[in-house]
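Engineer: So here's entry-v3.cif (mmCIF, C-alpha atoms and all ligand atoms).
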```
data_protein
#
loop_
_atom_site.label_atom_id
_atom_site.label_comp_id
_atom_site.auth_asym_id
_atom_site.auth_seq_id
_atom_site.Cartn_x
_atom_site.Cartn_y
_atom_site.Cartn_z
CA MET A 23 31.34 -55.67 -25.13
CA LEU A 24 35.04 -54.98 -25.23
CA TRP A 25 35.97 -51.35 -25.80
CA ASP A 26 39.27 -49.83 -26.93
CA ILE A 27 39.44 -46.17 -26.02
CA PHE A 28 42.31 -44.13 -27.42
CA CYS A 29 43.37 -40.85 -25.84
CA THR A 30 46.27 -38.50 -26.37
CA VAL A 31 46.98 -35.92 -23.70
CA ILE A 32 47.33 -32.59 -25.53
CA ASP A 33 47.55 -30.21 -22.61
CA ASN A 34 45.74 -29.72 -19.33
CA HIS A 35 43.71 -32.60 -17.91
CA GLY A 36 40.44 -32.65 -19.85
CA ASP A 37 41.20 -35.26 -22.49
CA LEU A 38 42.26 -37.76 -19.89
CA GLY A 39 39.59 -36.61 -17.44
CA VAL A 40 36.76 -37.26 -19.88
CA CYS A 41 38.21 -40.54 -21.13
CA TRP A 42 38.76 -41.86 -17.65
CA ARG A 43 35.23 -41.01 -16.57
CA LEU A 44 33.92 -42.74 -19.69
CA CYS A 45 36.02 -45.85 -19.02
CA ALA A 46 34.98 -46.01 -15.38
CA ASP A 47 31.31 -45.50 -16.22
CA LEU A 48 31.31 -48.16 -18.93
CA ALA A 49 33.07 -50.53 -16.54
CA ALA A 50 30.47 -49.87 -13.84
CA ARG A 51 27.82 -50.85 -16.40
CA GLY A 52 29.51 -54.20 -16.97
CA GLU A 53 31.62 -53.38 -20.03
CA ARG A 54 35.28 -54.35 -20.47
CA VAL A 55 37.52 -51.46 -21.39
CA ARG A 56 41.10 -50.94 -22.53
CA LEU A 57 42.34 -47.37 -22.32
CA TRP A 58 45.27 -46.60 -24.61
CA LEU A 59 47.09 -43.51 -23.37
CA ASP A 60 50.19 -41.70 -24.58
CA ASP A 61 50.73 -40.19 -21.11
CA ALA A 62 49.22 -41.87 -18.08
CA ALA A 63 51.08 -39.82 -15.44
CA ALA A 64 48.05 -37.83 -14.24
CA LEU A 65 46.01 -41.00 -13.66
CA ALA A 66 48.05 -41.57 -10.49
CA TRP A 67 46.20 -38.73 -8.74
CA MET A 68 43.07 -38.55 -10.89
CA ALA A 69 42.11 -42.22 -10.51
CA PRO A 70 44.14 -43.92 -7.79
CA GLN A 71 41.47 -46.65 -7.48
CA ARG A 72 40.68 -48.40 -10.74
CA PRO A 73 38.03 -51.00 -11.56
CA ALA A 74 39.31 -54.45 -12.54
CA ASN A 75 37.58 -54.36 -15.89
CA VAL A 76 39.51 -51.32 -17.08
CA GLN A 77 43.04 -51.88 -18.30
CA VAL A 78 45.36 -48.97 -18.90
CA HIS A 79 47.96 -49.38 -21.65
CA THR A 80 50.73 -47.06 -22.63
CA TRP A 81 50.50 -45.98 -26.21
CA ALA A 82 53.87 -45.18 -27.73
CA ALA A 83 55.39 -45.21 -31.20
CA ASP A 84 56.45 -48.86 -30.88
CA THR A 85 53.30 -50.18 -29.18
CA ARG A 86 51.99 -53.50 -30.42
CA PHE A 87 48.25 -53.18 -30.12
CA ALA A 88 45.93 -55.90 -29.02
CA PRO A 89 43.43 -57.00 -31.64
CA PRO A 90 40.54 -54.58 -31.51
CA GLY A 91 37.55 -55.14 -29.34
CA ASP A 92 33.94 -54.62 -30.36
CA VAL A 93 34.14 -50.86 -30.16
CA VAL A 94 37.03 -48.53 -30.95
CA VAL A 95 36.74 -44.98 -29.64
CA GLU A 96 39.12 -42.33 -30.87
CA ALA A 97 38.71 -39.52 -28.41
CA PHE A 98 38.83 -35.96 -29.65
CA GLY A 99 40.13 -36.84 -33.09
CA CYS A 100 43.35 -38.47 -31.88
CA ASP A 101 45.31 -40.29 -34.56
CA ILE A 102 44.83 -44.05 -34.30
CA SER A 103 46.34 -44.89 -37.70
CA ALA A 104 49.18 -46.93 -36.14
CA ALA A 105 46.66 -49.24 -34.49
CA LEU A 106 44.55 -49.44 -37.64
CA ALA A 107 47.62 -50.35 -39.70
CA GLN A 108 48.54 -53.17 -37.32
CA TRP A 109 45.00 -54.50 -37.31
CA ALA A 110 44.81 -54.35 -41.09
CA ALA A 111 48.11 -56.22 -41.38
CA ALA A 112 46.92 -58.93 -39.00
CA GLU A 113 43.51 -59.37 -40.58
CA PRO A 114 44.24 -62.37 -42.88
CA THR A 115 45.26 -64.46 -39.90
CA ALA A 116 42.50 -63.20 -37.73
CA ASN A 117 40.87 -66.52 -37.12
CA ALA A 118 44.10 -68.35 -36.55
CA SER A 119 45.15 -66.43 -33.51
CA ASN A 120 43.96 -63.59 -31.39
CA SER A 121 47.42 -62.28 -30.72
CA ILE A 122 49.78 -60.10 -32.63
CA ALA A 123 53.34 -61.42 -32.38
CA GLY A 124 55.30 -59.72 -29.65
CA ASN A 125 52.26 -57.95 -28.31
CA ALA A 126 52.86 -56.95 -24.73
CA TYR A 127 49.10 -57.10 -24.32
CA THR A 128 49.02 -60.84 -24.77
CA ALA A 129 51.78 -61.43 -22.26
CA GLY A 130 50.02 -61.21 -18.95
CA VAL A 131 46.45 -60.23 -19.50
CA ALA A 132 43.61 -62.34 -18.22
CA GLY A 133 41.11 -63.90 -20.60
CA LEU A 134 38.59 -61.26 -19.61
CA PHE A 135 40.20 -59.02 -22.17
CA SER A 136 41.05 -61.41 -24.98
CA SER A 137 38.97 -61.15 -28.12
CA GLU A 138 38.98 -62.48 -31.63
CA LEU A 139 40.08 -59.93 -34.14
CA ALA A 140 36.87 -58.06 -34.71
CA ALA A 141 36.91 -57.14 -38.37
CA GLN A 142 33.69 -55.24 -37.91
CA PHE A 143 34.43 -53.25 -34.80
CA THR A 144 32.31 -50.15 -34.44
CA TRP A 145 34.47 -47.10 -34.81
CA ILE A 146 33.45 -43.99 -32.85
CA ASN A 147 34.97 -40.56 -33.02
CA LEU A 148 34.15 -38.97 -29.67
CA GLU A 149 33.98 -35.21 -30.09
CA TYR A 150 34.42 -32.26 -27.73
CA LEU A 151 31.40 -30.99 -25.83
CA SER A 152 29.52 -28.03 -27.22
CA ALA A 153 26.07 -26.52 -26.84
CA GLU A 154 26.24 -25.14 -30.38
CA PRO A 155 23.56 -26.39 -32.83
CA TYR A 156 26.10 -28.36 -34.88
CA ALA A 157 26.39 -30.89 -32.04
CA GLN A 158 22.81 -31.97 -32.57
CA ARG A 159 23.09 -31.71 -36.36
CA CYS A 160 26.22 -33.82 -36.66
CA HIS A 161 25.68 -36.27 -33.83
CA GLY A 162 25.75 -39.85 -35.10
CA LEU A 163 26.67 -39.05 -38.68
CA PRO A 164 28.76 -41.67 -40.48
CA SER A 165 32.06 -40.70 -42.05
CA PRO A 166 33.38 -43.15 -44.66
CA VAL A 167 37.17 -43.39 -44.46
CA LEU A 168 38.60 -43.09 -47.95
CA ALA A 169 42.35 -43.19 -47.36
CA GLY A 170 44.93 -44.49 -44.91
CA PRO A 171 44.96 -47.73 -42.95
CA GLY A 172 41.28 -47.42 -42.05
CA ALA A 173 40.18 -47.04 -45.69
CA GLY A 174 36.97 -48.86 -46.49
CA ARG A 175 35.62 -48.57 -42.98
CA SER A 176 33.21 -45.98 -41.73
CA LYS A 177 33.43 -44.20 -38.42
CA ARG A 178 30.66 -42.37 -36.64
CA PHE A 179 30.78 -38.99 -34.98
CA TYR A 180 29.56 -38.95 -31.43
CA TYR A 181 28.78 -35.51 -30.04
CA PRO A 182 28.17 -35.13 -26.32
CA GLY A 183 25.69 -32.39 -25.56
CA PHE A 184 23.16 -30.76 -23.33
CA THR A 185 19.99 -31.45 -25.30
CA PRO A 186 18.00 -34.43 -26.57
CA GLY A 187 19.35 -35.38 -29.98
CA THR A 188 22.96 -35.13 -28.85
CA GLY A 189 25.04 -37.83 -27.18
CA GLY A 190 24.35 -36.53 -23.66
CA LEU A 191 26.68 -36.04 -20.71
CA LEU A 192 28.60 -38.53 -18.62
CA ARG A 193 26.66 -39.34 -15.46
CA GLU A 194 27.28 -42.46 -13.43
CA ALA A 195 24.29 -44.59 -12.43
CA ASN A 196 25.07 -44.10 -8.74
CA LEU A 197 25.67 -40.34 -8.83
CA ALA A 198 22.44 -39.39 -7.05
CA GLN A 199 23.12 -41.95 -4.31
CA ARG A 200 26.66 -40.66 -3.85
CA GLN A 201 25.41 -37.12 -3.59
CA ALA A 202 22.71 -38.05 -1.09
CA ALA A 203 25.29 -39.78 1.12
CA PHE A 204 27.78 -36.90 0.93
CA ASP A 205 28.80 -35.46 4.30
CA ARG A 206 30.22 -31.99 3.68
CA THR A 207 31.62 -31.51 7.17
CA ALA A 208 33.38 -34.86 7.17
CA TRP A 209 34.78 -34.27 3.70
CA LEU A 210 36.15 -30.83 4.62
CA ALA A 211 37.73 -32.35 7.71
CA SER A 212 39.32 -35.08 5.58
CA GLN A 213 40.95 -32.31 3.54
CA ASP A 214 42.12 -30.47 6.71
CA ILE A 215 39.81 -27.55 5.99
CA ALA A 216 38.24 -25.95 9.06
CA LEU A 217 35.75 -23.22 8.18
CA ALA A 218 35.23 -20.19 10.36
CA PRO A 219 31.60 -19.58 11.40
CA GLY A 220 29.62 -18.01 8.54
CA GLU A 221 32.40 -18.54 6.04
CA ARG A 222 31.24 -18.93 2.45
CA LEU A 223 33.02 -21.59 0.41
CA LEU A 224 34.16 -21.13 -3.19
CA SER A 225 36.25 -23.40 -5.41
CA LEU A 226 38.59 -22.16 -8.10
CA PHE A 227 39.69 -24.22 -11.12
CA CYS A 228 40.74 -21.88 -13.91
CA TYR A 229 43.43 -20.89 -16.40
CA GLU A 230 44.67 -17.31 -16.03
CA PRO A 231 41.55 -15.11 -16.30
CA ALA A 232 42.27 -11.40 -16.55
CA ALA A 233 39.51 -10.78 -14.00
CA LEU A 234 41.16 -12.94 -11.32
CA PRO A 235 42.85 -10.06 -9.43
CA ALA A 236 39.52 -8.21 -9.39
CA LEU A 237 37.73 -11.29 -8.06
CA LEU A 238 40.27 -11.70 -5.28
CA ARG A 239 39.96 -8.00 -4.41
CA ALA A 240 36.16 -8.16 -4.38
CA LEU A 241 36.20 -11.18 -2.07
CA GLN A 242 38.73 -9.55 0.18
CA GLN A 243 36.60 -6.43 0.48
CA GLY A 244 33.28 -8.30 0.72
CA GLY A 245 31.09 -8.14 3.80
CA GLN A 246 31.00 -11.91 4.30
CA PRO A 247 34.07 -14.02 5.03
CA THR A 248 34.96 -16.26 2.10
CA ARG A 249 37.19 -19.31 1.92
CA LEU A 250 38.57 -19.94 -1.53
CA LEU A 251 39.66 -23.51 -2.25
CA VAL A 252 42.20 -23.27 -5.03
CA THR A 253 42.93 -26.36 -7.11
CA ALA A 254 46.48 -27.45 -7.88
CA GLY A 255 48.34 -26.43 -11.03
CA ARG A 256 47.50 -23.43 -13.17
CA ALA A 257 44.79 -22.08 -10.87
CA ALA A 258 47.12 -22.03 -7.87
CA GLN A 259 49.88 -20.43 -9.93
CA ALA A 260 47.50 -17.77 -11.22
CA VAL A 261 46.30 -16.92 -7.70
CA GLN A 262 49.84 -16.70 -6.39
CA ALA A 263 50.89 -14.45 -9.26
CA ALA A 264 47.89 -12.18 -8.63
CA LEU A 265 48.64 -11.99 -4.91
CA GLN A 266 52.29 -11.20 -5.53
CA ALA A 267 51.38 -8.43 -7.96
CA SER A 268 48.91 -7.05 -5.46
CA HIS A 269 51.43 -7.14 -2.60
CA ALA A 270 53.96 -5.35 -4.76
CA ALA A 271 51.33 -2.71 -5.61
CA SER A 272 50.32 -2.41 -1.94
CA ALA A 273 53.95 -1.95 -0.87
CA ALA A 274 54.39 0.81 -3.45
CA ASP A 275 51.12 2.45 -2.33
CA SER A 276 52.02 2.39 1.34
CA GLU A 277 55.29 4.18 0.60
CA ASN A 278 53.20 6.96 -0.93
CA ASN A 279 50.42 6.60 1.58
CA PRO A 280 51.59 6.09 5.17
CA GLN A 281 48.02 5.22 6.16
CA GLY A 282 48.80 1.98 4.39
CA ALA A 283 46.88 -0.03 1.81
CA PRO A 284 44.25 -2.51 3.00
CA ASP A 285 45.35 -6.07 3.69
CA PHE A 286 44.86 -7.88 0.40
CA ARG A 287 43.31 -10.91 2.09
CA GLY A 288 40.72 -9.03 4.21
CA ALA A 289 37.57 -11.16 4.30
CA LEU A 290 39.20 -13.71 2.03
CA SER A 291 41.14 -16.72 3.18
CA ILE A 292 42.70 -19.12 0.74
CA SER A 293 43.37 -22.85 0.97
CA TYR A 294 45.51 -24.49 -1.69
CA LEU A 295 44.55 -28.06 -2.49
CA PRO A 296 46.89 -30.77 -3.71
CA TYR A 297 45.92 -32.69 -6.82
CA ILE A 298 42.90 -34.74 -5.75
CA SER A 299 41.13 -37.70 -7.33
CA GLN A 300 38.15 -37.17 -9.63
CA GLU A 301 35.99 -38.55 -6.85
CA ASP A 302 37.25 -35.87 -4.48
CA PHE A 303 37.00 -33.28 -7.21
CA ASP A 304 33.26 -34.04 -7.25
CA HIS A 305 33.18 -33.70 -3.48
CA LEU A 306 34.86 -30.32 -3.76
CA LEU A 307 32.16 -29.10 -6.15
CA TRP A 308 29.38 -30.48 -3.97
CA ALA A 309 30.84 -28.82 -0.87
CA CYS A 310 31.09 -25.29 -2.27
CA ASP A 311 28.52 -22.53 -2.59
CA LEU A 312 29.96 -21.38 -5.93
CA ASN A 313 32.34 -23.18 -8.27
CA PHE A 314 34.67 -21.65 -10.81
CA VAL A 315 35.39 -24.39 -13.36
CA ARG A 316 37.07 -24.65 -16.74
CA GLY A 317 37.38 -26.79 -19.84
CA GLU A 318 34.96 -29.65 -20.29
CA ASP A 319 34.83 -32.30 -17.61
CA SER A 320 34.77 -29.96 -14.62
CA LEU A 321 31.93 -28.01 -16.26
CA VAL A 322 29.86 -31.17 -16.49
CA ARG A 323 30.68 -32.14 -12.93
CA ALA A 324 29.77 -28.65 -11.71
CA LEU A 325 26.42 -28.95 -13.49
CA TRP A 326 25.76 -32.24 -11.73
CA ALA A 327 26.74 -30.62 -8.43
CA GLY A 328 23.67 -28.40 -8.80
CA LYS A 329 25.59 -25.41 -7.44
CA PRO A 330 26.12 -22.06 -9.15
CA LEU A 331 29.07 -22.16 -11.50
CA VAL A 332 31.24 -19.76 -13.44
CA TRP A 333 32.77 -21.40 -16.48
CA GLN A 334 36.07 -20.51 -18.05
CA ILE A 335 35.97 -22.08 -21.47
CA TYR A 336 39.12 -23.52 -23.03
CA PRO A 337 40.37 -20.63 -25.18
CA GLN A 338 40.97 -21.34 -28.85
CA SER A 339 43.42 -19.31 -30.88
CA ASP A 340 40.87 -18.58 -33.60
CA GLY A 341 38.39 -17.21 -31.07
CA ALA A 342 35.88 -20.01 -31.72
CA HIS A 343 35.36 -20.34 -27.98
CA ALA A 344 33.26 -17.14 -27.87
CA ALA A 345 30.39 -18.67 -29.86
CA LYS A 346 30.73 -21.85 -27.83
CA LEU A 347 30.43 -19.94 -24.58
CA ASP A 348 27.40 -18.00 -25.80
CA ALA A 349 25.68 -21.21 -26.88
CA PHE A 350 26.22 -22.61 -23.40
CA LEU A 351 24.92 -19.43 -21.76
CA ASP A 352 21.81 -19.60 -23.95
CA TRP A 353 21.23 -23.16 -22.86
CA GLN A 354 21.93 -22.35 -19.22
CA HIS A 355 19.20 -19.66 -19.06
CA ALA A 356 21.25 -18.04 -16.34
CA PRO A 357 20.21 -14.75 -14.77
CA PRO A 358 21.79 -11.74 -16.53
CA SER A 359 24.18 -11.17 -13.61
CA LEU A 360 25.62 -14.69 -14.01
CA CYS A 361 25.84 -14.41 -17.81
CA ALA A 362 27.67 -11.11 -17.49
CA LEU A 363 30.08 -12.54 -14.95
CA GLN A 364 30.84 -15.56 -17.12
CA ARG A 365 31.44 -13.46 -20.24
CA CYS A 366 33.69 -11.18 -18.25
CA TRP A 367 35.51 -14.14 -16.67
CA ASN A 368 36.31 -15.25 -20.22
CA GLY A 369 37.55 -11.81 -21.22
CA LEU A 370 34.57 -11.37 -23.53
CA GLY A 371 32.31 -8.96 -21.73
CA ARG A 372 33.19 -5.43 -20.87
CA GLY A 373 35.08 -4.67 -17.70
CA ALA A 374 37.36 -7.67 -17.22
CA GLU A 375 39.63 -5.44 -15.16
CA HIS A 376 36.80 -4.08 -13.00
CA PRO A 377 34.03 -6.63 -13.29
CA ASP A 378 30.76 -6.44 -11.51
CA LEU A 379 30.91 -9.30 -9.01
CA PRO A 380 27.57 -9.31 -7.25
CA ILE A 381 28.15 -12.69 -5.65
CA ALA A 382 26.53 -12.01 -2.29
CA GLN A 383 23.38 -10.42 -3.73
CA CYS A 384 22.92 -12.98 -6.49
CA LEU A 385 23.90 -16.33 -5.04
CA ALA A 386 20.32 -17.36 -4.22
CA ALA A 387 19.10 -16.66 -7.78
CA TRP A 388 22.10 -18.44 -9.23
CA GLN A 389 21.42 -21.44 -6.99
CA ALA A 390 17.84 -21.74 -8.26
CA ASN A 391 19.12 -21.59 -11.84
CA ALA A 392 21.72 -24.29 -11.15
CA GLU A 393 19.05 -26.63 -9.80
CA GLN A 394 16.83 -26.06 -12.82
CA ALA A 395 19.71 -26.73 -15.22
CA ARG A 396 20.57 -29.94 -13.42
CA ALA A 397 16.94 -31.11 -13.49
CA ARG A 398 16.77 -30.56 -17.26
CA LEU A 399 19.93 -32.62 -17.75
CA TRP A 400 18.81 -35.36 -15.42
CA ALA A 401 15.74 -35.94 -17.58
CA GLN A 402 18.03 -37.15 -20.38
CA PRO A 403 19.87 -40.47 -20.55
CA SER A 404 23.57 -40.34 -19.77
CA LEU A 405 26.34 -40.42 -22.34
CA ALA A 406 27.46 -43.96 -21.52
CA GLU A 407 23.91 -45.32 -21.76
CA GLN A 408 23.32 -43.56 -25.05
CA LEU A 409 26.69 -44.56 -26.46
CA ARG A 410 26.06 -48.21 -25.67
CA GLN A 411 22.69 -48.09 -27.40
CA PHE A 412 24.20 -46.21 -30.31
CA VAL A 413 26.89 -48.87 -30.78
CA LEU A 414 24.40 -51.73 -30.58
CA LYS A 415 22.21 -50.02 -33.16
CA ASN A 416 25.09 -49.36 -35.54
CA ARG A 417 26.91 -52.68 -35.39
O1 LIG B 1 42.11 -29.45 -17.63
P1 LIG B 1 41.09 -28.82 -18.49
O2 LIG B 1 41.29 -27.40 -18.76
O3 LIG B 1 40.99 -29.62 -19.82
C1 LIG B 1 40.87 -29.02 -21.10
C2 LIG B 1 39.45 -29.09 -21.61
O4 LIG B 1 38.90 -30.37 -21.50
C3 LIG B 1 39.40 -28.66 -23.02
O5 LIG B 1 38.10 -28.80 -23.54
C4 LIG B 1 40.37 -29.49 -23.83
O6 LIG B 1 40.32 -29.07 -25.12
C5 LIG B 1 41.73 -29.30 -23.26
O7 LIG B 1 41.75 -29.72 -21.92
C6 LIG B 1 42.79 -30.06 -24.02
O8 LIG B 1 39.63 -28.95 -17.81
P2 LIG B 1 38.64 -30.18 -17.59
O9 LIG B 1 38.08 -30.62 -18.89
O10 LIG B 1 37.68 -29.77 -16.58
O11 LIG B 1 39.53 -31.36 -17.04
C7 LIG B 1 40.09 -31.36 -15.80
C8 LIG B 1 40.06 -32.76 -15.23
O12 LIG B 1 40.98 -32.85 -14.16
C9 LIG B 1 38.70 -33.14 -14.69
O13 LIG B 1 38.45 -34.50 -14.98
C10 LIG B 1 38.86 -32.97 -13.19
C11 LIG B 1 40.29 -33.38 -13.02
N1 LIG B 1 40.96 -32.91 -11.80
C12 LIG B 1 41.01 -33.78 -10.73
O14 LIG B 1 40.46 -34.89 -10.79
N2 LIG B 1 41.68 -33.38 -9.61
C13 LIG B 1 42.30 -32.17 -9.50
O15 LIG B 1 42.89 -31.88 -8.45
C14 LIG B 1 42.22 -31.29 -10.62
C15 LIG B 1 42.87 -29.92 -10.52
C16 LIG B 1 41.54 -31.69 -11.76
#
```
Will you turn the file into structure tokens for me?
Ligand code: TRH
Structural biologist:
Amino acid sequence: MLWDIFCTVIDNHGDLGVCWRLCADLAARGERVRLWLDDAAALAWMAPQRPANVQVHTWAADTRFAPPGDVVVEAFGCDISAALAQWAAAEPTANASNSIAGNAYTAGVAGLFSSELAAQFTWINLEYLSAEPYAQRCHGLPSPVLAGPGAGRSKRFYYPGFTPGTGGLLREANLAQRQAAFDRTAWLASQDIALAPGERLLSLFCYEPAALPALLRALQQGGQPTRLLVTAGRAAQAVQAALQASHAASAADSENNPQGAPDFRGALSISYLPYISQEDFDHLLWACDLNFVRGEDSLVRALWAGKPLVWQIYPQSDGAHAAKLDAFLDWQHAPPSLCALQRCWNGLGRGAEHPDLPIAQCLAAWQANAEQARARLWAQPSLAEQLRQFVLKNR
């Protein structure tokens, strides 16, 4: 089938991250995909290698859209009315031509991607991931469109999720093989990371959690050496801000206390990563003993890594993220220590300023939980498989 996937980049990298993984997975399963993006800049580092059967198109105010394929996916409720209006306008001549006049798409694109105007394309609204019960309740429901350029059509809600009855999670067919072939030492060397003997490895991908300074302090004072691999962007900026604040505090302390404050880094050493591809982002999660992740896509990838994770959920201004986090924690069946840490990491538990960070004592229990969670997910079909079946059933 030919898929048109529409994505607007709101902020951060999750919208694009999820859409790209979906495109690449569909392509690997033999589908042809066009990704319509309002901002493709981050794809340069996120997906430097792209399959031939995925085309990336810029989506701007004056874009002339190709006639729709068999499936149209509006990701995360993005507004595709401009495309719908063009398709509706072109409909009477649909059989005469498969091009819209002046369409950049028709200019140099191989026949692989040409399609007759599909009046009956299946229209999917791909929703955000949640473990809340509504995902299961609403997954697959039709939504007749009453007004606007899509009026008369019906779209269907597609809810990814963690349980049977939802749309599942993205998982490539070759993921297990990739993981089995992964060589941690070689990958670390390829990133210029040389670990000291006995050094524990943690990754950090986060927003600006209030508990970050406390985490850094706890790692610095911990008995075991820790290497923290900090991802580019907001996480790196947050770590640097925390370190600067700590150095300023230490300098003030040592003026009052000639004995001097402890070295902030202590048992902690930090490596800052550049922006890496999604493939290497997976490698990062597989290489570490504990992963701090955020948002949507990195959470899913950390689950597939089968390593303990601490999730910072994308904060919503109305506070709706608290219920979403709790639903995930319920599903995760994590030990109380890991639940408490995750609530605290999200500013929801008590003690964000002085959290209990029992990493060394708890890592083994957290690891067992991570493996169980991954096994439960692996027993379910992946999102791309389910979505394909769903489309075929609802055509
Ligand atoms: O960037 P995010 O915080 O995205 C968020 C969430 O998806 C949230 O639900 C959404 O509402 C909001 O965006 C608009 O976190 P997420 O979802 O983990 O996406 C990050 C993507 O970036 C993921 O695909 C991994 C990728 N990535 C890399 O590939 N390389 C990198 O170096 C980094 C830092 C990220």
Engineer: Go through A:Ala392, A:Val94, A:Leu38, A:Ile215 and flag the residue nearest ligand LIG 1 (chain B), using all atoms listed in the file for the distances.
Structural biologist: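 Once distances to ligand LIG 1 (chain B) are computed over all atoms listed in the file, the minimum belongs to A:Leu38.
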Engineer: Expressed in Å to a single decimal, how great is the separation between atom CA of A:Cys361 and atom CA of A:Ala254?
Structural biologist: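 Between atom CA of A:Cys361 and atom CA of A:Ala254 the gap is 26.4 Å.
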Engineer: Please put the answer as AutoDock Vina command-line options: centre and edge lengths, in Å with one decimal, of a box along x, y and z that encloses all listed atoms of ligand LIG 1 (chain B) plus 5 Å on each side.
Structural biologist:
```
--center_x 40.3 --center_y -31.1 --center_z -16.8 --size_x 15.2 --size_y 17.5 --size_z 26.7
```
Engineer: Counting only C-alpha atoms, figure out which residue out of A:Leu210, A:Leu223, A:Ala198, A:Val76 gets nearest to A:His305.
Structural biologist: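 Between A:Leu210, A:Leu223, A:Ala198, A:Val76, the residue approaching A:His305 most closely is A:Leu210.
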Engineer: What's around stretch 145-160 of chain A at 7 Å? Count all atoms listed in the file, leave out sequence neighbours fewer than 4 positions away in its own chain, and write the answer as a PyMOL selection string.
Structural biologist: chain A and resi 93-99+177-184+187-188+318+346+349-350
Engineer: What's around A:Ala216 at 12 Å? Count only C-alpha atoms, leave out sequence neighbours fewer than 6 positions away in its own chain, and write the answer as a list in words.
Structural biologist: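 Surrounding residues, per the criterion: Arg206, Thr207, Ala208, Trp209, Leu210, Arg222, Leu223, Arg249, Leu251, Ser291, Ile292 and Ser293 of chain A.
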Engineer: Take the point (38.2, -41.7, -19.1) as written in the file and pick out every residue within 10 Å of it, counting all atoms listed in the file; give the list as a PyMOL selection string.
Structural biologist: chain A and resi 27-29+36-48+57+65+69+76+97
Engineer: For A:Gly317, find every residue with an atom within 10 Å (counting all atoms listed in the file), except residues of its own chain fewer than 5 positions away, and show them as a VMD selection string.
Structural biologist: chain A and resid 34 to 37 151 227 to 229 322 333 to 337
Engineer: Go through A:Phe143, A:Phe204, A:Trp81, A:Tyr297 one by one, measure the shortest atom-to-atom distance of each to ligand LIG 1 (chain B) using all atoms listed in the file, and give the residue with the smallest value.
Structural biologist: A:Tyr297
Engineer: Quick one: of A:Gln408, A:Thr185, A:Thr30, A:Asn416, who's nearest to ligand LIG 1 (chain B), counting all atoms listed in the file?
Structural biologist: A:Thr30
Engineer: Could you name the residues that touch A:Leu234 at 9 Å or less, counting all atoms listed in the file, but leaving out those on the same chain fewer than 3 positions away, as a list in words?
Structural biologist: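 Residues near the query, excluding close chain neighbours: Glu230, Pro231, Leu237, Leu238, Arg239, Ala260, Val261, Ala264, Trp367, Ala374 and Glu375 of chain A.
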Engineer: A:Leu347, A:Leu224, A:Gly189, A:Leu312: which is nearest A:His161, counting all atoms listed in the file?
Structural biologist: A:Gly189
Engineer: Could you work out how far atom CA of A:Cys384 lies from atom CA of A:Arg256, giving the answer in Å with one decimal?
Structural biologist: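 Atom CA of A:Cys384 lies 27.5 Å from atom CA of A:Arg256.
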Engineer: Can you measure atom N1 of ligand LIG 1 (chain B) to atom CA of A:Met68 for me? One decimal in Å is fine.
Structural biologist: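 Distance between the two atoms: 6.1 Å.
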Engineer: For each of A:Asn196, A:Gln338, A:Ser212, A:Thr80, take the minimum atom-to-atom distance to ligand LIG 1 (chain B), counting only C-alpha atoms and all ligand atoms, then give the residue where this is smallest.
Structural biologist: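 Under the stated criterion, the closest residue is A:Gln338.
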Engineer: List as a list in words the protein and nucleic acid residues near A:Leu295, meaning an atom at most 9 Å away when only C-alpha atoms are counted, but skip any in the same chain fewer than 3 places from it.
Structural biologist: Gln213, Leu251, Val252, Thr253, Ala254, Ala258 and Ile298 of chain A
